[in-house]
>>> print(open('work.txt').read())   # compact mmCIF, C-alpha atoms
# COMPACT_ATOMS: atom_id res chain seq x y z
CA MET P 1 127.35 -14.51 11.63
CA GLY P 2 127.19 -11.36 9.48
CA PRO P 3 124.28 -9.60 11.26
CA TYR P 4 125.71 -10.52 14.66
CA LEU P 5 129.10 -8.95 13.80
CA ILE P 6 127.42 -5.79 12.48
CA HIS P 7 125.32 -5.37 15.62
CA LEU P 8 128.34 -6.04 17.82
CA GLY P 9 130.24 -3.34 15.89
CA LEU P 10 127.40 -0.88 16.50
CA LEU P 11 127.50 -1.63 20.22
CA LEU P 12 131.27 -1.04 20.30
CA ILE P 13 130.90 2.31 18.50
CA LEU P 14 128.19 3.36 20.94
CA ALA P 15 130.34 2.27 23.89
CA GLY P 16 133.31 4.21 22.50
CA GLY P 17 131.21 7.35 22.14
CA LEU P 18 129.96 7.09 25.72
CA ILE P 19 133.48 6.46 27.06
CA GLY P 20 134.78 9.52 25.21
CA LYS P 21 131.85 11.60 26.45
CA PHE P 22 132.18 10.80 30.15
CA TRP P 23 135.89 10.02 30.53
CA GLY P 24 137.42 12.07 27.70
CA VAL P 25 138.91 15.57 27.86
CA ASP P 26 138.21 18.39 25.39
CA GLY P 27 139.79 21.80 26.06
CA GLN P 28 141.32 24.90 24.50
CA LEU P 29 144.91 26.14 24.49
CA PRO P 30 145.57 29.66 23.16
CA ILE P 31 149.29 30.39 22.93
CA GLY P 32 151.26 33.27 21.43
CA GLN P 33 154.27 32.94 19.16
CA GLY P 34 157.36 32.27 21.27
CA GLU P 35 155.33 31.52 24.40
CA VAL P 36 155.43 28.32 26.48
CA ALA P 37 152.33 26.72 28.03
CA ASP P 38 152.08 23.94 30.61
CA SER P 39 148.28 23.83 31.03
CA PHE P 40 145.06 24.23 29.08
CA ARG P 41 141.49 25.17 29.89
CA VAL P 42 138.41 22.94 29.94
CA GLY P 43 135.45 25.23 30.51
CA SER P 44 136.25 27.14 33.68
CA GLN P 45 138.77 24.52 34.83
CA VAL P 46 142.52 24.65 34.19
CA LEU P 47 144.20 21.26 33.66
CA PRO P 48 147.99 20.91 33.94
CA LEU P 49 150.16 19.11 31.40
CA ASP P 50 153.06 16.82 32.30
CA TYR P 51 155.21 18.74 29.83
CA GLN P 52 155.48 22.15 28.18
CA VAL P 53 154.35 23.25 24.72
CA ARG P 54 156.16 26.06 22.89
CA LEU P 55 154.83 27.78 19.78
CA ASP P 56 157.98 28.47 17.77
CA LYS P 57 156.35 29.93 14.68
CA PHE P 58 152.88 30.61 13.37
CA GLN P 59 152.20 31.20 9.67
CA VAL P 60 149.13 32.23 7.69
CA MET P 61 149.20 31.76 3.91
CA TYR P 62 146.56 33.37 1.70
CA TYR P 63 145.30 32.56 -1.77
CA GLU P 64 147.06 34.64 -4.41
CA GLY P 65 145.44 38.03 -4.86
CA GLY P 66 142.96 37.51 -2.05
CA SER P 67 142.54 37.71 1.68
CA THR P 68 141.08 34.22 2.21
CA PRO P 69 143.42 32.03 4.29
CA LYS P 70 144.79 29.10 2.31
CA GLU P 71 146.54 27.47 5.24
CA PHE P 72 147.58 28.29 8.76
CA ARG P 73 150.14 26.19 10.58
CA SER P 74 151.92 26.09 13.92
CA ASP P 75 155.44 24.83 14.52
CA LEU P 76 155.48 23.28 17.99
CA THR P 77 158.21 22.11 20.34
CA PHE P 78 157.42 19.81 23.27
CA LEU P 79 159.62 20.20 26.34
CA LYS P 80 160.12 17.98 29.38
CA ASP P 81 161.71 19.67 32.39
CA GLY P 82 162.96 22.42 30.08
CA ARG P 83 164.58 19.92 27.70
CA GLU P 84 163.42 19.58 24.10
CA VAL P 85 161.77 16.21 23.50
CA SER P 86 159.98 16.49 20.17
CA ARG P 87 159.06 18.88 17.37
CA ALA P 88 155.98 18.80 15.16
CA THR P 89 153.96 20.93 12.74
CA CYS P 90 150.23 21.21 13.37
CA ARG P 91 147.93 22.10 10.46
CA VAL P 92 144.20 22.04 9.90
CA ASN P 93 143.16 18.37 9.51
CA GLU P 94 146.70 17.32 10.50
CA PRO P 95 146.64 17.06 14.31
CA VAL P 96 149.66 16.33 16.49
CA SER P 97 149.61 13.76 19.30
CA PHE P 98 151.96 13.88 22.27
CA GLY P 99 151.84 12.75 25.88
CA GLY P 100 148.36 11.23 25.68
CA PHE P 101 146.74 14.34 24.14
CA THR P 102 145.97 15.31 20.56
CA PHE P 103 146.41 18.93 19.46
CA TYR P 104 144.15 20.20 16.67
CA GLN P 105 144.71 23.52 14.89
CA SER P 106 141.42 25.15 15.84
CA SER P 107 141.77 28.88 15.21
CA TYR P 108 144.13 31.82 15.38
CA GLY P 109 144.10 35.54 16.02
CA ALA P 110 146.23 38.65 16.08
CA GLN P 111 147.36 40.72 19.04
CA ALA P 112 149.30 43.94 19.34
CA SER P 113 152.98 43.27 19.97
CA GLY P 114 153.74 46.92 20.70
CA PRO P 115 152.29 50.45 20.77
CA ILE P 116 150.02 51.41 17.87
CA ARG P 117 151.10 54.52 15.92
CA LEU P 118 148.11 56.76 15.40
CA GLN P 119 147.89 60.13 13.65
CA VAL P 120 145.42 62.44 15.37
CA THR P 121 143.93 65.38 13.48
CA LEU P 122 142.09 68.21 15.23
CA ALA P 123 141.34 71.16 12.93
CA ASP P 124 144.81 72.34 11.81
CA LEU P 125 146.62 70.27 14.43
CA LYS P 126 148.20 66.97 13.32
CA GLN P 127 150.15 64.84 15.74
CA THR P 128 151.30 61.23 15.76
CA ILE P 129 150.96 59.42 19.08
CA GLU P 130 151.88 55.95 20.32
CA LEU P 131 148.93 54.10 21.78
CA PRO P 132 149.77 51.17 24.10
CA PHE P 133 147.30 48.33 23.80
CA ARG P 134 144.38 48.63 26.25
CA GLN P 135 145.77 51.72 27.97
CA MET P 136 143.83 54.99 28.08
CA VAL P 137 145.74 57.91 26.51
CA GLU P 138 144.91 61.62 26.70
CA LEU P 139 144.48 63.14 23.24
CA PRO P 140 146.23 66.33 22.03
CA GLY P 141 144.06 69.36 22.64
CA GLY P 142 142.52 67.86 25.77
CA HIS P 143 139.12 67.09 24.19
CA GLY P 144 139.00 63.43 25.13
CA ARG P 145 140.82 60.18 25.69
CA ILE P 146 141.23 57.07 23.58
CA ILE P 147 142.03 53.39 24.11
CA ALA P 148 142.86 50.53 21.72
CA MET P 149 140.53 47.67 22.65
CA ARG P 150 141.21 45.10 19.95
CA VAL P 151 143.28 44.51 16.82
CA ASP P 152 142.55 42.39 13.76
CA GLY P 153 145.19 41.34 11.25
CA ASN P 154 142.69 41.13 8.37
CA PHE P 155 139.45 42.88 9.28
CA GLN P 156 136.73 41.70 6.85
CA GLY P 157 139.43 41.05 4.27
CA LEU P 158 140.49 44.72 4.23
CA GLY P 159 143.79 44.45 6.07
CA PRO P 160 144.97 45.38 9.59
CA ALA P 161 142.56 47.34 11.78
CA VAL P 162 142.20 48.47 15.36
CA LEU P 163 139.04 48.87 17.44
CA LEU P 164 139.27 52.24 19.21
CA ALA P 165 137.10 53.61 22.01
CA PHE P 166 136.89 57.41 22.20
CA ASN P 167 135.72 58.94 25.46
CA ARG P 168 134.92 62.63 25.52
CA SER P 169 132.23 62.81 28.14
CA GLY P 170 129.89 60.08 29.28
CA HIS P 171 129.62 56.81 27.38
CA PRO P 172 132.64 55.96 25.15
CA GLN P 173 132.16 55.55 21.39
CA ALA P 174 133.75 52.48 19.75
CA PHE P 175 134.75 52.36 16.06
CA TRP P 176 137.13 50.51 13.75
CA ALA P 177 140.05 52.32 12.09
CA LEU P 178 141.59 50.53 9.08
CA GLN P 179 145.26 50.97 8.27
CA ASP P 180 144.96 50.37 4.49
CA HIS P 181 141.55 52.04 4.06
CA PRO P 182 141.43 55.15 6.26
CA GLU P 183 138.44 56.48 4.32
CA LEU P 184 136.17 53.67 5.55
CA GLY P 185 134.16 53.83 8.75
CA GLU P 186 132.57 56.61 10.77
CA GLN P 187 134.63 58.41 13.40
CA PRO P 188 133.44 60.57 16.28
CA GLY P 189 134.24 64.28 16.19
CA PRO P 190 136.02 66.51 16.66
CA TYR P 191 139.05 64.26 16.05
CA HIS P 192 140.02 62.23 13.01
CA PHE P 193 142.25 59.19 13.50
CA THR P 194 144.54 57.61 10.90
CA VAL P 195 146.36 54.36 11.63
CA LYS P 196 150.03 54.54 10.68
CA ALA P 197 151.26 51.21 11.98
CA ILE P 198 149.93 48.26 13.95
CA PRO P 199 152.69 45.92 15.20
CA LEU P 200 151.01 42.53 15.07
CA GLY P 201 151.88 39.24 16.69
CA TYR P 202 149.81 36.17 15.98
CA TYR P 203 148.59 33.65 18.50
CA SER P 204 147.32 30.17 17.80
CA VAL P 205 144.37 28.36 19.37
CA PHE P 206 144.51 24.58 19.76
CA GLN P 207 141.81 22.12 20.65
CA VAL P 208 143.32 19.66 23.12
CA LYS P 209 141.63 16.27 23.28
CA HIS P 210 142.05 12.96 25.04
CA ASP P 211 139.51 10.33 23.96
CA PRO P 212 139.88 6.86 25.53
CA GLY P 213 136.95 5.60 23.46
CA VAL P 214 138.68 5.93 20.07
CA GLY P 215 139.98 2.34 20.16
CA TRP P 216 136.48 1.02 20.81
CA VAL P 217 135.12 2.98 17.86
CA TYR P 218 137.87 1.71 15.55
CA ALA P 219 137.19 -1.86 16.68
CA GLY P 220 133.49 -1.41 15.89
CA PHE P 221 134.21 -0.17 12.38
CA LEU P 222 136.68 -3.02 11.79
CA LEU P 223 133.96 -5.52 12.72
CA PHE P 224 131.77 -4.01 10.02
CA LEU P 225 134.10 -5.33 7.31
CA PRO P 226 133.66 -9.07 7.95
CA GLY P 227 130.08 -8.44 9.03
CA PHE P 228 129.07 -6.83 5.72
CA TYR P 229 131.00 -9.46 3.78
CA LEU P 230 129.26 -12.33 5.51
CA ALA P 231 125.85 -10.64 5.41
CA PHE P 232 125.78 -9.53 1.75
CA PHE P 233 128.41 -11.52 -0.15
CA ARG P 234 128.16 -14.88 1.61
CA PRO P 235 124.52 -16.02 1.61
CA ALA P 236 123.24 -17.79 4.72
CA GLU P 237 123.44 -21.57 4.47
CA ARG P 238 122.20 -24.41 6.63
CA TRP P 239 123.81 -27.85 6.49
CA ALA P 240 122.92 -31.10 8.18
CA LEU P 241 124.44 -34.57 8.02
CA VAL P 242 121.91 -37.24 8.98
CA LEU P 243 123.33 -40.67 9.96
CA GLU P 244 121.03 -43.72 10.18
CA LYS P 245 121.96 -47.30 11.06
CA SER P 246 120.35 -50.01 8.95
CA PRO P 247 119.10 -53.36 10.34
CA GLN P 248 122.18 -54.96 8.80
CA GLY P 249 124.36 -52.81 11.03
CA LYS P 250 125.61 -50.48 8.30
CA TRP P 251 125.51 -46.69 8.49
CA LYS P 252 123.70 -44.64 5.92
CA GLY P 253 124.29 -40.92 5.58
CA ARG P 254 122.25 -38.11 4.04
CA LEU P 255 123.58 -34.59 3.37
CA LEU P 256 120.91 -31.90 3.62
CA GLY P 257 121.24 -28.19 2.92
CA ALA P 258 119.27 -25.05 2.15
CA SER P 259 120.01 -21.45 1.18
CA PRO P 260 117.52 -18.55 0.74
CA ARG P 261 119.63 -16.89 -2.01
CA HIS P 262 121.80 -18.05 -4.93
CA ARG P 263 120.03 -21.37 -5.04
CA GLU P 264 121.56 -22.54 -8.34
CA GLU P 265 125.09 -21.92 -7.03
CA PHE P 266 124.18 -23.62 -3.76
CA ALA P 267 122.75 -26.69 -5.59
CA ALA P 268 125.93 -27.04 -7.65
CA ARG P 269 128.04 -26.86 -4.50
CA GLN P 270 125.80 -29.48 -2.87
CA GLU P 271 126.31 -31.82 -5.83
CA ARG P 272 130.08 -31.43 -5.59
CA LEU P 273 130.03 -32.28 -1.87
CA LEU P 274 127.84 -35.33 -2.50
CA ALA P 275 130.20 -36.55 -5.21
CA ALA P 276 133.17 -36.16 -2.91
CA LEU P 277 131.38 -38.08 -0.16
CA LYS P 278 130.49 -40.91 -2.55
CA ARG P 279 134.10 -41.24 -3.60
CA GLY P 280 135.02 -41.71 0.02
CA THR P 281 138.32 -41.21 1.73
CA PRO P 282 141.09 -43.75 1.14
CA SER P 283 142.26 -45.48 4.30
>>> encode(input="work.txt", output="structure tokens")
Amino acid sequence: MGPYLIHLGLLLILAGGLIGKFWGVDGQLPIGQGEVADSFRVGSQVLPLDYQVRLDKFQVMYYEGGSTPKEFRSDLTFLKDGREVSRATCRVNEPVSFGGFTFYQSSYGAQASGPIRLQVTLADLKQTIELPFRQMVELPGGHGRIIAMRVDGNFQGLGPAVLLAFNRSGHPQAFWALQDHPELGEQPGPYHFTVKAIPLGYYSVFQVKHDPGVGWVYAGFLLFLPGFYLAFFRPAERWALVLEKSPQGKWKGRLLGASPRHREEFAARQERLLAALKRGTPS
């Protein structure tokens, strides 16, 4: 039975994979801290949820003395008709399941939560301006305009940074300005920009999955356990009991058996069975 159970387990795993592929759901849910979401995106399609998900708090912890993330976690609250139903913490490799979907901590990012404070230097002129995110602002002196296109909470491990686009005439020039390392990077003239403050708010990205084939896959792996045991630890055996009737009307029995492996152990077991048969069963 061992090989049959193993092959049946393989078929169940294959069936589970196909069920998850064609009838499962795999989407993305980006959500900012304090925001509430009631849908997620699968490709270009938006699928609604029967409940709401609120990101209460997002945290990033770094290794001591470095900029490599040690852990990032999201504290979630699940709401039904505006009423709190459940709370959970989602970490990497610690997904959260609710309402038929499983939420995996996939990624995270930073976004500007307010205007960026930028010091602009033009010859002897120094002026600090507030730059709303993704809004074009006229620069002091009237020699161009600037827009904040993107922010990064830890750009290449060097701290907060903002991607600026400077437009003087014609095609705009994009460059990164680092808050903690203003000396790095090339900036277009005639201005020089120094980042004073970047108000950051983090957002979390979840992978939302529903896989109806998971149970089939688990069942296939569970069948492997008895299958491997029977195939490798219980050698195949064949037994036959041959009954013959003598001319005197009495029955004569012969016990036959064979095993391709562990023949000495099998022969000893055969002798024990024969001895038990010869002793008979008391009436």
>>> atom_distance(input="work.txt", atom1="atom CA of P:Met149", atom2="atom CA of P:Val36")
24.7 Å
>>> axis_aligned_box(input="work.txt", around="stretch 20-30 of chain P", padding_each_side="6 Å", output="lines of an AutoDock Vina configuration file")
center_x = 138.7
center_y = 19.6
center_z = 26.8
size_x = 25.7
size_y = 32.1
size_z = 19.4
>>> atom_distance(input="work.txt", atom1="atom CA of P:Leu18", atom2="atom CA of P:Ala231")
27.3 Å
>>> closest_residue(input="work.txt", among="P:Met136, P:Leu243, P:Val205, P:Ile13", to="P:Tyr218", atoms="all atoms listed in the file")
P:Ile13
>>> closest_residue(input="work.txt", among="P:Ser74, P:Arg272, P:Ser113, P:Arg234", to="P:Pro260", atoms="all atoms listed in the file")
P:Arg234
>>> atom_distance(input="work.txt", atom1="atom CA of P:Leu241", atom2="atom CA of P:Gly2")
23.4 Å
>>> residues_around(input="work.txt", residues="P:Pro69", least_positions_apart="5", cutoff="12 Å", atoms="all atoms listed in the file", output="list in words")
Gln59, Val60, Met61, Tyr62, Tyr63, Glu64, Val92, Ser107, Tyr108, Gly153, Asn154 and Gly157 of chain P
>>> write_last_selection(input="work.txt", atoms="C-alpha atoms", output="short mmCIF file (atom, residue, chain, number, x, y, z; two decimals), in the frame of the given file")
data_model
loop_
_atom_site.label_atom_id
_atom_site.label_comp_id
_atom_site.auth_asym_id
_atom_site.auth_seq_id
_atom_site.Cartn_x
_atom_site.Cartn_y
_atom_site.Cartn_z
CA GLN P 59 152.20 31.20 9.67
CA VAL P 60 149.13 32.23 7.69
CA MET P 61 149.20 31.76 3.91
CA TYR P 62 146.56 33.37 1.70
CA TYR P 63 145.30 32.56 -1.77
CA GLU P 64 147.06 34.64 -4.41
CA VAL P 92 144.20 22.04 9.90
CA SER P 107 141.77 28.88 15.21
CA TYR P 108 144.13 31.82 15.38
CA GLY P 153 145.19 41.34 11.25
CA ASN P 154 142.69 41.13 8.37
CA GLY P 157 139.43 41.05 4.27
#
>>> closest_residue(input="work.txt", among="P:Leu274, P:Val195, P:Val96, P:Leu11", to="P:Leu223", atoms="only C-alpha atoms")
P:Leu11
>>> closest_residue(input="work.txt", among="P:Glu183, P:Asp50, P:Glu237, P:Asp75", to="P:Glu35", atoms="all atoms listed in the file")
P:Asp75
>>> closest_residue(input="work.txt", among="P:Phe58, P:Trp251, P:Tyr191, P:Phe155", to="P:Arg91", atoms="all atoms listed in the file")
P:Phe58
>>> closest_residue(input="work.txt", among="P:His192, P:Lys278, P:His181, P:His210", to="P:Ile146", atoms="all atoms listed in the file")
P:His192
>>> build_atoms(input="work.txt", residues="stretch 146-161 of chain P", atoms="N, CA and C atoms", output="PDB file, in the coordinates of the input")
ATOM      1  N   ILE P 146     141.446  58.181  24.496  1.00  0.00           N
ATOM      2  CA  ILE P 146     141.230  57.070  23.580  1.00  0.00           C
ATOM      3  C   ILE P 146     141.970  55.842  24.072  1.00  0.00           C
ATOM      4  N   ILE P 147     141.423  54.666  23.719  1.00  0.00           N
ATOM      5  CA  ILE P 147     142.030  53.390  24.110  1.00  0.00           C
ATOM      6  C   ILE P 147     141.869  52.400  22.960  1.00  0.00           C
ATOM      7  N   ALA P 148     142.912  51.605  22.712  1.00  0.00           N
ATOM      8  CA  ALA P 148     142.860  50.530  21.720  1.00  0.00           C
ATOM      9  C   ALA P 148     142.355  49.267  22.398  1.00  0.00           C
ATOM     10  N   MET P 149     141.175  48.799  21.982  1.00  0.00           N
ATOM     11  CA  MET P 149     140.530  47.670  22.650  1.00  0.00           C
ATOM     12  C   MET P 149     140.840  46.337  21.988  1.00  0.00           C
ATOM     13  N   ARG P 150     141.040  46.369  20.662  1.00  0.00           N
ATOM     14  CA  ARG P 150     141.210  45.100  19.950  1.00  0.00           C
ATOM     15  C   ARG P 150     141.890  45.367  18.619  1.00  0.00           C
ATOM     16  N   VAL P 151     142.669  44.409  18.149  1.00  0.00           N
ATOM     17  CA  VAL P 151     143.280  44.510  16.820  1.00  0.00           C
ATOM     18  C   VAL P 151     142.875  43.298  16.000  1.00  0.00           C
ATOM     19  N   ASP P 152     142.887  43.466  14.688  1.00  0.00           N
ATOM     20  CA  ASP P 152     142.550  42.390  13.760  1.00  0.00           C
ATOM     21  C   ASP P 152     143.531  42.462  12.600  1.00  0.00           C
ATOM     22  N   GLY P 153     144.191  41.345  12.315  1.00  0.00           N
ATOM     23  CA  GLY P 153     145.190  41.340  11.250  1.00  0.00           C
ATOM     24  C   GLY P 153     144.600  41.433   9.861  1.00  0.00           C
ATOM     25  N   ASN P 154     143.319  41.071   9.693  1.00  0.00           N
ATOM     26  CA  ASN P 154     142.690  41.130   8.370  1.00  0.00           C
ATOM     27  C   ASN P 154     141.190  41.350   8.559  1.00  0.00           C
ATOM     28  N   PHE P 155     140.829  42.559   8.944  1.00  0.00           N
ATOM     29  CA  PHE P 155     139.450  42.880   9.280  1.00  0.00           C
ATOM     30  C   PHE P 155     138.572  42.852   8.035  1.00  0.00           C
ATOM     31  N   GLN P 156     137.653  41.868   7.979  1.00  0.00           N
ATOM     32  CA  GLN P 156     136.730  41.700   6.850  1.00  0.00           C
ATOM     33  C   GLN P 156     137.443  41.679   5.505  1.00  0.00           C
ATOM     34  N   GLY P 157     138.660  41.141   5.505  1.00  0.00           N
ATOM     35  CA  GLY P 157     139.430  41.050   4.270  1.00  0.00           C
ATOM     36  C   GLY P 157     140.013  42.364   3.788  1.00  0.00           C
ATOM     37  N   LEU P 158     140.023  43.390   4.636  1.00  0.00           N
ATOM     38  CA  LEU P 158     140.490  44.720   4.230  1.00  0.00           C
ATOM     39  C   LEU P 158     141.838  45.094   4.853  1.00  0.00           C
ATOM     40  N   GLY P 159     142.488  44.165   5.508  1.00  0.00           N
ATOM     41  CA  GLY P 159     143.790  44.450   6.070  1.00  0.00           C
ATOM     42  C   GLY P 159     143.746  44.721   7.557  1.00  0.00           C
ATOM     43  N   PRO P 160     144.889  45.141   8.136  1.00  0.00           N
ATOM     44  CA  PRO P 160     144.970  45.380   9.590  1.00  0.00           C
ATOM     45  C   PRO P 160     144.031  46.499  10.032  1.00  0.00           C
ATOM     46  N   ALA P 161     143.475  46.335  11.231  1.00  0.00           N
ATOM     47  CA  ALA P 161     142.560  47.340  11.780  1.00  0.00           C
ATOM     48  C   ALA P 161     142.631  47.288  13.297  1.00  0.00           C
TER      49      ALA P 161
END
